[in-house]
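One structure is given below, encoded as structure tokens.
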2 protein chains.
Amino acid sequence: MMNREKIRLGIIGIGNMGSEHCRTILAGKCPETELAAVADLRPERRAWAEKILPAGIRVFGSGSELIRSNTCDAVLVAVPHYQHETVSIEALEHQLDVLCEKPAAVRASQAERMIRTAERTGRTLTFMFNQRTNCTYRAMKKLLESGELGKIKRINWIITDWYRTQRYYDSGSWRATWAGEGGGVLLNQCPHQLDLLIWLCGLPVRVTAKCQEGKWHHIEVEDDVTAFLEFPGGATGVFVASTGDLPGTNRLEIDCERGKAVCEGNEVRVQVLEKNEREICFSSDDPWYKGETRNYLLETDGENLQHRGVINSFAAHLLRGEPLTAEAEDGLRALELSNAIHLSGWTGETVTIPFQVKRFDLELDKRIAGSQITKTGDITYETDHNGTGERLSGSDHTS
Amino acid sequence: MMNREKIRLGIIGIGNMGSEHCRTILAGKCPETELAAVADLRPERRAWAEKILPAGIRVFGSGSELIRSNTCDAVLVAVPHYQHETVSIEALEHQLDVLCEKPAAVRASQAERMIRTAERTGRTLTFMFNQRTNCTYRAMKKLLESGELGKIKRINWIITDWYRTQRYYDSGSWRATWAGEGGGVLLNQCPHQLDLLIWLCGLPVRVTAKCQEGKWHHIEVEDDVTAFLEFPGGATGVFVASTGDLPGTNRLEIDCERGKAVCEGNEVRVQVLEKNEREICFSSDDPWYKGETRNYLLETDGENLQHRGVINSFAAHLLRGEPLTAEAEDGLRALELSNAIHLSGWTGETVTIPFQVKRFDLELDKRIAGSQITKTGDITYETDHNGTGERLSGSDHTS
């Protein structure tokens with residue numbers, strides 16, 4: 001733990017989300033975080049920083065320079081997915097704590113190396129799973145952990161309200177390419193839902209998926225995914241995601257032994273049985289048992305801190321050992337599920353988690369070799385980081 | 001067409017549904033149908049008939065006797081699934097028109113032979129798809145045919161409100177066995193939904209399914225199904241069915257190029273876009289286009305005639321050539337989809353429709369050979385025929 005009142009944070013990558021994080025901190029929403037430095041490879045982003053940021057905040061031309069500058073205690077990594085690994089590892093090796101944007105990386109093998117480095121260096125590594133701060137999902141988590149609904153039997157998440165037009169994909173040559181981004185709706189839009197699914201229901205043990213590539217757009221990666229999930233306890237699930245549905249749906253149904261919770265439109269409707277269904281099944285005389293349920297709308301505390309919530313818990317963790325929003329392993333798990341869905345879609349096989357990391361890497365490498373772009377370095381990079389399907393406010397998100 | 005005012009109908013099999021049909025007709029709900037005769041192999045059912053039915057209605061000890069008695073113009077076949085084929089074909093061969101309960105049979109190969117016989121003999125063959133008379137589904141059919149929503153892109157049907165306790169399965173030794181019934185939730189509870197799905201959205205061309213056998217009950221057949229469907233035009237769908245979920249869900253979402261319709265709780269919520277999404281995708285300047293939708297609740301005529309609706313249209317067809325509720329081919333199609341889901345579940349493969357009928361038959365034969373019961377003849381037989389998930393009124397449904 002640090003012997004300070006604030007952490008000195010450097011933000012590496014000040015595109016879409018990095019610049020948003022700058023504004024959040026400068027607006028005083030992160031009282032225990034001091035914005036000490038920013039870094040970007042792109043001159044136009046550095047020019048923006050020099051113009052907008054208060055004097056005293058250092059502006060560097062690369063993540064490496066920032067990391068080696070001794071100006072920061074910790075970094076927020078907001079560079080393209082493929083670079084999460086190298087930038088995060090470099091920071092960890094220089095004894096900086098790391099909060100990295102989602103997805104943890106493109107390949108589970110990268111996230112593994114990041115975590116091993118954090119362990120070896122004794123630094124903190126965490127990921128920007130800001131949807132965990134959403135009061136609705138927190139209330140669902142609490143409900144499921146309370147045992148009121150008993151064991152989970154079935155999950156159905158239709159998350160198709162990620163609509164994007166062709167213009168979105170045309171706004172960057174790296175976008176929705178294997179070489180530039182490493183995936184489509186799974187890697188750009190859905191990391192939050194994959195994390196929430198695991199957070200709420202656990203990590204599936206088997207995945208059978210259909211990933212349709214360029215189904216709704218002229219792109220090379222998947223924009224339509226249906227995955228069948230099997231969990232260790234026998235529960236099953238369906239996860240449907242798309243950027244081609246308008247108006248889309250965001251409906252999460254979790255069916256349990258003692259009832260059901262359905263989350264749609266920020267409302268969670270709960271139905272609770274009088275008894276455990278597993279008991280009813282084998283004790284009731286009624287072949288067509290219907291029974292009664294107690295129905296209610298799940299109450300929440302209304303708090304939805306999003307990115308600042310994650311930044312603040314990161315700071316509180318470094319300063320006082322308070323719990324992080326997500327552990328480093330959570331980033332790996334979400335990526336394992338994402339990779340497993342890709343791998344199943346590519347091979348047509350049911351994939352067991354943990355899967356063969358080498359096989360995934362080889363399959364992805366094949367796709368990168370055939371990709372329309374092969375440049376993954378200095379690219380103008382914008383992602384959908386807020387995980388709400390909502391367009392971010394501000395003017396520089398379509399650059 | 002007949003030169004009569006009423007059709008003389010014989011009901012073969014007067015268990016659960018057959019007896020219900022007797023009561024419907026005797027209550028005067030089928031003005032163009034005269035109940036002329038009934039048949040049942042079971043003495044206790046014949047005793048019931050002798051006691052309850054008005055004098056003049058002949059009671060036979062077998063379907064064959066009824067068919068050969070020259071007392072009927074047409075028959076309603078309400079015998080166990082496995083016998084649908086033989087009874088229906090015998091009736092058709094004796095120049096009787098046939099209304100057969102769902103499912104059309106157990107094997108698509110059986111339904112094929114039934115249809116070929118009807119064609120050869122020039123008789124009418126139709127199936128009891130009474131859910132087609134439900135005003136909600138009729139209104140959805142009309143909506144989809146009107147073109148208001150454009151082409152279908154995605155379907156998601158969670159039909160898990162078919163809850164059954166172990167007592168249900170224990171109420172007949174034939175129940176939920178490969179030899180006695182030929183399947184579980186697909187064949188007993190879901191034929192209506194499979195028919196409606198095809199009626200509304202067309203027959204899928206490929207099916208990838210997970211069928212879990214005896215997951216929630218001590219039974220040998222499937223009580224939990226998740227199927228991924230691919231349609232000829234590129235649309236995809238998910239179909240989830242179970243008899244183990246409490247409280248279950250019945251939610252059908254159909255996402256189209258110009259909007260979306262969601263049917264849940266007998267209500268259909270419709271959202272209509274200003275333009276076709278396929279046009280928006282490639283013409284909008286907005287990467288995150290949201291647009292506006294016109295939202296409304298779908299109006300219905302409130303009419304839900306169910307079984308009497310099917311019987312009445314059958315009579316009107318025979319008397320005046322009016323349209324049937326369902327064509328013979330519709331019975332085959334629903335069974336093809338059901339068989340394809342089974343076959344995919346058994347083999348772990350994606351199954352193309354039309355599938356190899358021989359392969360299905362061989363796979364089912366293997367399961368019949370290993371079945372707990374091998375007797376398929378004179379068994380007390382009750383099924384869930386009404387397709388609503390509701391328990392039927394009356395006292396003799398759990399015999």
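How things are named: the first chain in the structure tokens is A, the next is B, and so on; residues count from 1 in each chain; ligands count from 1 in the order shown.
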
Residues within 8 Å of B:Thr249, please, as a VMD selection string. Count only C-alpha atoms; anything in the same chain fewer than 2 positions from it doesn't count. chain B and resid 158 to 161 247 251

Only N, CA, C and O atoms, please: the residues just picked out, written as a JSON list (two decimals), in the first residue's frame.
[["chain", "number", "residue", "atom", "x", "y", "z"],
["B", 158, "ILE", "N", -38.24, -19.07, -26.28],
["B", 158, "ILE", "CA", -38.03, -19.80, -25.01],
["B", 158, "ILE", "C", -39.39, -20.34, -24.63],
["B", 158, "ILE", "O", -40.29, -19.58, -24.29],
["B", 159, "ILE", "N", -39.55, -21.66, -24.76],
["B", 159, "ILE", "CA", -40.85, -22.25, -24.41],
["B", 159, "ILE", "C", -40.59, -23.30, -23.32],
["B", 159, "ILE", "O", -40.41, -24.50, -23.59],
["B", 160, "THR", "N", -40.49, -22.78, -22.12],
["B", 160, "THR", "CA", -40.12, -23.63, -20.98],
["B", 160, "THR", "C", -41.24, -23.67, -19.94],
["B", 160, "THR", "O", -41.00, -24.03, -18.80],
["B", 161, "ASP", "N", -42.47, -23.28, -20.36],
["B", 161, "ASP", "CA", -43.54, -23.33, -19.35],
["B", 161, "ASP", "C", -44.36, -24.62, -19.47],
["B", 161, "ASP", "O", -45.56, -24.64, -19.30],
["B", 247, "PRO", "N", -40.94, -21.15, -12.32],
["B", 247, "PRO", "CA", -41.95, -20.94, -13.35],
["B", 247, "PRO", "C", -41.27, -20.81, -14.71],
["B", 247, "PRO", "O", -40.24, -20.17, -14.80],
["B", 251, "ARG", "N", -41.78, -17.08, -24.43],
["B", 251, "ARG", "CA", -41.46, -15.79, -25.05],
["B", 251, "ARG", "C", -40.90, -16.02, -26.43],
["B", 251, "ARG", "O", -39.89, -16.69, -26.60]]

Contact set, chain A to chain B: 7 Å, only C-alpha atoms, as a short mmCIF file (atom, residue, chain, number, x, y, z; two decimals) with C-alpha atoms, in the first residue's frame:
data_model
loop_
_atom_site.label_atom_id
_atom_site.label_comp_id
_atom_site.auth_asym_id
_atom_site.auth_seq_id
_atom_site.Cartn_x
_atom_site.Cartn_y
_atom_site.Cartn_z
CA TYR A 163 -26.41 -1.84 -33.41
CA ARG A 164 -23.67 -0.44 -35.65
CA THR A 165 -23.96 0.83 -39.20
CA GLN A 166 -21.39 0.20 -41.93
CA ARG A 167 -20.14 3.73 -41.30
CA TYR A 168 -19.01 2.63 -37.86
CA LEU A 246 -32.41 -2.87 -34.84
CA PRO A 247 -34.08 -2.32 -32.46
CA GLY A 259 -37.45 -19.14 -9.03
CA GLU A 277 -38.39 -27.04 -7.71
CA CYS A 281 -40.58 -32.41 -8.83
CA PHE A 282 -40.14 -35.54 -6.77
CA SER A 284 -45.73 -33.30 -5.62
CA ASP A 285 -48.80 -35.42 -6.42
CA ASP A 286 -49.75 -32.97 -9.14
CA PRO A 287 -48.41 -34.00 -12.55
CA TRP A 288 -48.98 -30.46 -13.85
CA TYR A 289 -47.85 -28.56 -10.77
CA ARG A 391 -23.21 6.35 -27.65
#

Take atom CA of A:Thr121 and atom CA of A:Gln356 and report the distance between them in Å, one decimal. 26.6 Å

Selection: 12 Å around B:Ile7, only C-alpha atoms, excl. self and same-chain fewer than 4 positions, as a ChimeraX atom specification: /B:1-3,25,30-37,71-76,96-98,311-320

Can you write just those residues out, N, CA, C and O atoms, as a tab-separated table (two decimals), in the first residue's frame?
chain	number	residue	atom	x	y	z
B	1	MET	N	-66.27	-33.34	-52.45
B	1	MET	CA	-67.10	-32.80	-51.38
B	1	MET	C	-68.34	-33.66	-51.15
B	1	MET	O	-68.85	-34.28	-52.06
B	2	MET	N	-68.74	-33.64	-49.92
B	2	MET	CA	-69.85	-34.51	-49.54
B	2	MET	C	-71.18	-33.85	-49.82
B	2	MET	O	-71.35	-32.66	-49.68
B	3	ASN	N	-72.11	-34.69	-50.12
B	3	ASN	CA	-73.46	-34.21	-50.34
B	3	ASN	C	-74.28	-34.42	-49.08
B	3	ASN	O	-75.24	-35.16	-49.03
B	25	ILE	N	-67.99	-32.10	-29.24
B	25	ILE	CA	-69.00	-32.29	-30.29
B	25	ILE	C	-70.40	-32.42	-29.69
B	25	ILE	O	-71.36	-31.79	-30.16
B	30	CYS	N	-69.69	-28.10	-32.60
B	30	CYS	CA	-69.27	-28.43	-33.96
B	30	CYS	C	-70.51	-28.73	-34.79
B	30	CYS	O	-70.85	-29.89	-35.03
B	31	PRO	N	-71.22	-27.67	-35.20
B	31	PRO	CA	-72.54	-27.84	-35.80
B	31	PRO	C	-72.54	-28.66	-37.09
B	31	PRO	O	-73.59	-29.19	-37.46
B	32	GLU	N	-71.42	-28.79	-37.75
B	32	GLU	CA	-71.37	-29.56	-38.99
B	32	GLU	C	-70.78	-30.95	-38.80
B	32	GLU	O	-70.44	-31.61	-39.76
B	33	THR	N	-70.61	-31.33	-37.54
B	33	THR	CA	-70.03	-32.65	-37.26
B	33	THR	C	-70.99	-33.46	-36.38
B	33	THR	O	-71.44	-32.98	-35.33
B	34	GLU	N	-71.28	-34.65	-36.84
B	34	GLU	CA	-72.11	-35.56	-36.05
B	34	GLU	C	-71.19	-36.64	-35.48
B	34	GLU	O	-70.44	-37.27	-36.23
B	35	LEU	N	-71.21	-36.83	-34.18
B	35	LEU	CA	-70.41	-37.91	-33.60
B	35	LEU	C	-71.13	-39.22	-33.88
B	35	LEU	O	-72.21	-39.49	-33.33
B	36	ALA	N	-70.56	-40.04	-34.76
B	36	ALA	CA	-71.24	-41.26	-35.21
B	36	ALA	C	-70.75	-42.50	-34.46
B	36	ALA	O	-71.53	-43.43	-34.23
B	37	ALA	N	-69.47	-42.50	-34.09
B	37	ALA	CA	-68.92	-43.71	-33.47
B	37	ALA	C	-67.64	-43.38	-32.73
B	37	ALA	O	-66.99	-42.36	-33.00
B	71	THR	N	-69.97	-46.58	-40.79
B	71	THR	CA	-70.80	-45.65	-40.01
B	71	THR	C	-70.30	-44.23	-40.10
B	71	THR	O	-70.96	-43.31	-39.64
B	72	CYS	N	-69.11	-44.06	-40.69
B	72	CYS	CA	-68.46	-42.73	-40.64
B	72	CYS	C	-68.00	-42.28	-42.02
B	72	CYS	O	-67.68	-43.10	-42.89
B	73	ASP	N	-67.92	-40.94	-42.18
B	73	ASP	CA	-67.30	-40.34	-43.36
B	73	ASP	C	-65.84	-40.03	-43.10
B	73	ASP	O	-65.03	-39.96	-44.03
B	74	ALA	N	-65.56	-39.79	-41.84
B	74	ALA	CA	-64.21	-39.33	-41.48
B	74	ALA	C	-63.89	-39.80	-40.07
B	74	ALA	O	-64.79	-40.11	-39.30
B	75	VAL	N	-62.59	-39.84	-39.77
B	75	VAL	CA	-62.19	-40.21	-38.41
B	75	VAL	C	-61.24	-39.17	-37.81
B	75	VAL	O	-60.49	-38.50	-38.52
B	76	LEU	N	-61.33	-39.08	-36.50
B	76	LEU	CA	-60.38	-38.29	-35.73
B	76	LEU	C	-59.51	-39.31	-34.99
B	76	LEU	O	-60.02	-40.10	-34.19
B	96	LEU	N	-61.90	-43.06	-45.95
B	96	LEU	CA	-62.31	-42.12	-44.91
B	96	LEU	C	-61.32	-40.94	-44.89
B	96	LEU	O	-60.12	-41.12	-45.12
B	97	ASP	N	-61.84	-39.76	-44.61
B	97	ASP	CA	-60.97	-38.60	-44.42
B	97	ASP	C	-60.45	-38.62	-42.98
B	97	ASP	O	-61.13	-39.12	-42.09
B	98	VAL	N	-59.25	-38.06	-42.79
B	98	VAL	CA	-58.59	-38.22	-41.49
B	98	VAL	C	-58.13	-36.88	-40.90
B	98	VAL	O	-57.42	-36.11	-41.55
B	311	ILE	N	-61.74	-28.90	-35.82
B	311	ILE	CA	-62.78	-29.86	-36.23
B	311	ILE	C	-63.76	-29.17	-37.20
B	311	ILE	O	-64.14	-29.73	-38.23
B	312	ASN	N	-64.12	-27.93	-36.88
B	312	ASN	CA	-65.06	-27.22	-37.74
B	312	ASN	C	-64.49	-26.91	-39.12
B	312	ASN	O	-65.20	-27.00	-40.13
B	313	SER	N	-63.22	-26.58	-39.17
B	313	SER	CA	-62.66	-26.30	-40.50
B	313	SER	C	-62.47	-27.60	-41.29
B	313	SER	O	-62.58	-27.61	-42.52
B	314	PHE	N	-62.21	-28.67	-40.58
B	314	PHE	CA	-62.14	-30.00	-41.22
B	314	PHE	C	-63.49	-30.33	-41.86
B	314	PHE	O	-63.57	-30.70	-43.05
B	315	ALA	N	-64.57	-30.15	-41.09
B	315	ALA	CA	-65.93	-30.42	-41.62
B	315	ALA	C	-66.24	-29.50	-42.79
B	315	ALA	O	-66.74	-29.94	-43.83
B	316	ALA	N	-65.92	-28.22	-42.63
B	316	ALA	CA	-66.23	-27.25	-43.69
B	316	ALA	C	-65.43	-27.56	-44.95
B	316	ALA	O	-65.90	-27.33	-46.08
B	317	HIS	N	-64.24	-28.09	-44.77
B	317	HIS	CA	-63.42	-28.48	-45.92
B	317	HIS	C	-64.07	-29.66	-46.65
B	317	HIS	O	-64.20	-29.65	-47.89
B	318	LEU	N	-64.50	-30.64	-45.88
B	318	LEU	CA	-65.09	-31.83	-46.50
B	318	LEU	C	-66.43	-31.51	-47.15
B	318	LEU	O	-66.76	-32.03	-48.21
B	319	LEU	N	-67.19	-30.62	-46.51
B	319	LEU	CA	-68.53	-30.31	-47.02
B	319	LEU	C	-68.49	-29.28	-48.15
B	319	LEU	O	-69.27	-29.36	-49.09
B	320	ARG	N	-67.62	-28.31	-48.05
B	320	ARG	CA	-67.67	-27.19	-49.00
B	320	ARG	C	-66.31	-26.77	-49.54
B	320	ARG	O	-66.18	-25.71	-50.15

Based on DSSP run over this structure's backbone, return all residues of stretch 59-277 of chain A in strand (DSSP E), as a count of residues only. 65

Can you list, as a ChimeraX atom specification, every protein, DNA or RNA residue that comes within 10 Å of B:Leu297 when you count only C-alpha atoms, leaving out same-chain residues fewer than 3 positions away? /B:261-263,267-271,300

Let's have the selection written as a compact mmCIF listing (two decimals), in the first residue's frame, with C-alpha atoms.
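Printed below is selection_23.txt as written:
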# COMPACT_ATOMS: atom_id res chain seq x y z
CA ALA B 261 -42.35 -8.47 -32.58
CA VAL B 262 -42.21 -10.03 -29.12
CA CYS B 263 -44.95 -12.36 -27.94
CA GLU B 267 -49.41 -9.96 -25.73
CA VAL B 268 -47.48 -9.06 -28.83
CA ARG B 269 -45.40 -5.91 -28.61
CA VAL B 270 -44.44 -4.58 -32.04
CA GLN B 271 -41.73 -2.04 -32.85
CA THR B 300 -56.26 -9.57 -32.22

Report, in Å to a single decimal, how far apart atom CA of A:Ala235 and atom CA of A:Ile353 are. 15.1 Å

Tell me which protein, DNA and RNA residues are within 12 Å of B:Phe355, counting only C-alpha atoms, leaving out same-chain ones fewer than 3 positions away, and put them as number ranges by chain. B: 107-109, 204-207, 333, 335-344, 349-352, 358-361

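Residues in contact with A:Gly183 at up to 10 Å, not including ones fewer than 2 positions away on its chain and judged by only C-alpha atoms, are A:His81, A:Val106, A:Arg175, A:Ala176, A:Thr177, A:Trp178, A:Ala179, A:Gly180, A:Glu181, A:Val185, A:Leu186, A:Leu187, A:Asn188, A:Gln189, A:Glu213, A:Glu220, A:Val221, A:Glu222, A:Asp223, A:Ser338, A:Asn339, A:His342, A:Leu364.
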
For the residues in that selection, give me N, CA and C atoms as a PDB file, in the first residue's frame.
ATOM      1  N   HIS A  81      -6.462  -3.288 -28.347  1.00  0.00           N
ATOM      2  CA  HIS A  81      -6.482  -4.593 -27.665  1.00  0.00           C
ATOM      3  C   HIS A  81      -5.162  -5.349 -27.781  1.00  0.00           C
ATOM      4  N   VAL A 106      -6.325  -9.795 -26.626  1.00  0.00           N
ATOM      5  CA  VAL A 106      -7.046 -10.487 -27.695  1.00  0.00           C
ATOM      6  C   VAL A 106      -7.016 -11.995 -27.457  1.00  0.00           C
ATOM      7  N   ARG A 175     -10.611  -1.506 -37.847  1.00  0.00           N
ATOM      8  CA  ARG A 175     -11.841  -1.967 -37.214  1.00  0.00           C
ATOM      9  C   ARG A 175     -12.328  -3.286 -37.798  1.00  0.00           C
ATOM     10  N   ALA A 176     -12.775  -4.162 -36.940  1.00  0.00           N
ATOM     11  CA  ALA A 176     -13.445  -5.385 -37.366  1.00  0.00           C
ATOM     12  C   ALA A 176     -12.592  -6.180 -38.352  1.00  0.00           C
ATOM     13  N   THR A 177     -11.266  -6.124 -38.115  1.00  0.00           N
ATOM     14  CA  THR A 177     -10.334  -6.957 -38.891  1.00  0.00           C
ATOM     15  C   THR A 177      -9.618  -7.874 -37.903  1.00  0.00           C
ATOM     16  N   TRP A 178      -9.173  -9.016 -38.404  1.00  0.00           N
ATOM     17  CA  TRP A 178      -8.461  -9.944 -37.518  1.00  0.00           C
ATOM     18  C   TRP A 178      -7.132  -9.351 -37.078  1.00  0.00           C
ATOM     19  N   ALA A 179      -6.454  -8.665 -38.008  1.00  0.00           N
ATOM     20  CA  ALA A 179      -5.142  -8.135 -37.665  1.00  0.00           C
ATOM     21  C   ALA A 179      -5.240  -6.883 -36.800  1.00  0.00           C
ATOM     22  N   GLY A 180      -6.242  -6.076 -37.033  1.00  0.00           N
ATOM     23  CA  GLY A 180      -6.324  -4.794 -36.334  1.00  0.00           C
ATOM     24  C   GLY A 180      -7.027  -4.871 -35.000  1.00  0.00           C
ATOM     25  N   GLU A 181      -8.030  -5.740 -34.920  1.00  0.00           N
ATOM     26  CA  GLU A 181      -8.847  -5.751 -33.706  1.00  0.00           C
ATOM     27  C   GLU A 181      -8.925  -7.145 -33.083  1.00  0.00           C
ATOM     28  N   VAL A 185     -17.965  -8.480 -32.588  1.00  0.00           N
ATOM     29  CA  VAL A 185     -18.883  -8.172 -31.491  1.00  0.00           C
ATOM     30  C   VAL A 185     -18.430  -8.817 -30.178  1.00  0.00           C
ATOM     31  N   LEU A 186     -17.751  -9.939 -30.268  1.00  0.00           N
ATOM     32  CA  LEU A 186     -17.286 -10.608 -29.053  1.00  0.00           C
ATOM     33  C   LEU A 186     -16.205  -9.809 -28.345  1.00  0.00           C
ATOM     34  N   LEU A 187     -15.326  -9.216 -29.141  1.00  0.00           N
ATOM     35  CA  LEU A 187     -14.135  -8.598 -28.566  1.00  0.00           C
ATOM     36  C   LEU A 187     -14.316  -7.104 -28.337  1.00  0.00           C
ATOM     37  N   ASN A 188     -15.155  -6.486 -29.133  1.00  0.00           N
ATOM     38  CA  ASN A 188     -15.313  -5.042 -29.016  1.00  0.00           C
ATOM     39  C   ASN A 188     -16.522  -4.676 -28.149  1.00  0.00           C
ATOM     40  N   GLN A 189     -17.676  -5.250 -28.470  1.00  0.00           N
ATOM     41  CA  GLN A 189     -18.898  -4.855 -27.768  1.00  0.00           C
ATOM     42  C   GLN A 189     -19.192  -5.686 -26.515  1.00  0.00           C
ATOM     43  N   GLU A 213     -19.540 -14.396 -39.667  1.00  0.00           N
ATOM     44  CA  GLU A 213     -18.603 -13.312 -39.966  1.00  0.00           C
ATOM     45  C   GLU A 213     -19.121 -12.465 -41.134  1.00  0.00           C
ATOM     46  N   GLU A 220     -14.653  -8.469 -41.865  1.00  0.00           N
ATOM     47  CA  GLU A 220     -14.141  -9.847 -41.918  1.00  0.00           C
ATOM     48  C   GLU A 220     -14.368 -10.625 -40.625  1.00  0.00           C
ATOM     49  N   VAL A 221     -14.726  -9.941 -39.553  1.00  0.00           N
ATOM     50  CA  VAL A 221     -14.929 -10.630 -38.273  1.00  0.00           C
ATOM     51  C   VAL A 221     -16.420 -10.859 -38.006  1.00  0.00           C
ATOM     52  N   GLU A 222     -16.714 -11.516 -36.871  1.00  0.00           N
ATOM     53  CA  GLU A 222     -18.093 -11.878 -36.549  1.00  0.00           C
ATOM     54  C   GLU A 222     -18.915 -10.671 -36.101  1.00  0.00           C
ATOM     55  N   ASP A 223     -20.136 -10.558 -36.663  1.00  0.00           N
ATOM     56  CA  ASP A 223     -21.079  -9.558 -36.166  1.00  0.00           C
ATOM     57  C   ASP A 223     -22.376 -10.216 -35.704  1.00  0.00           C
ATOM     58  N   SER A 338     -14.630 -15.690 -24.354  1.00  0.00           N
ATOM     59  CA  SER A 338     -14.667 -15.058 -25.672  1.00  0.00           C
ATOM     60  C   SER A 338     -13.866 -15.881 -26.686  1.00  0.00           C
ATOM     61  N   ASN A 339     -12.667 -16.261 -26.341  1.00  0.00           N
ATOM     62  CA  ASN A 339     -11.813 -17.081 -27.223  1.00  0.00           C
ATOM     63  C   ASN A 339     -12.461 -18.428 -27.502  1.00  0.00           C
ATOM     64  N   HIS A 342     -15.138 -18.015 -30.073  1.00  0.00           N
ATOM     65  CA  HIS A 342     -14.498 -17.897 -31.391  1.00  0.00           C
ATOM     66  C   HIS A 342     -14.032 -19.260 -31.898  1.00  0.00           C
ATOM     67  N   LEU A 364      -6.302 -18.101 -34.938  1.00  0.00           N
ATOM     68  CA  LEU A 364      -6.338 -16.643 -35.100  1.00  0.00           C
ATOM     69  C   LEU A 364      -5.222 -16.189 -36.037  1.00  0.00           C
TER      70      LEU A 364
END

As an MDAnalysis selection string, list the residues of stretch 69-185 of chain B assigned to alpha helix (DSSP H) by DSSP on the backbone atoms of this structure. chainID B and resid 84:93 108:121 135:146 166:170

Using only C-alpha atoms, determine which residues lie at most 9 Å from B:Ala334, disregarding the query and same-chain residues fewer than 4 positions distant; provide the list as a ChimeraX atom specification. /B:103-104,108,191-198,203,329-330,338-339

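Atom pair atom CA of A:Glu20 / atom CA of A:Ala49: separated by 11.8 Å.
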
Of the candidates B:Lys366, B:His21, B:Lys6, B:Arg58, which one gets nearest to B:Val310 if we count only C-alpha atoms? B:His21
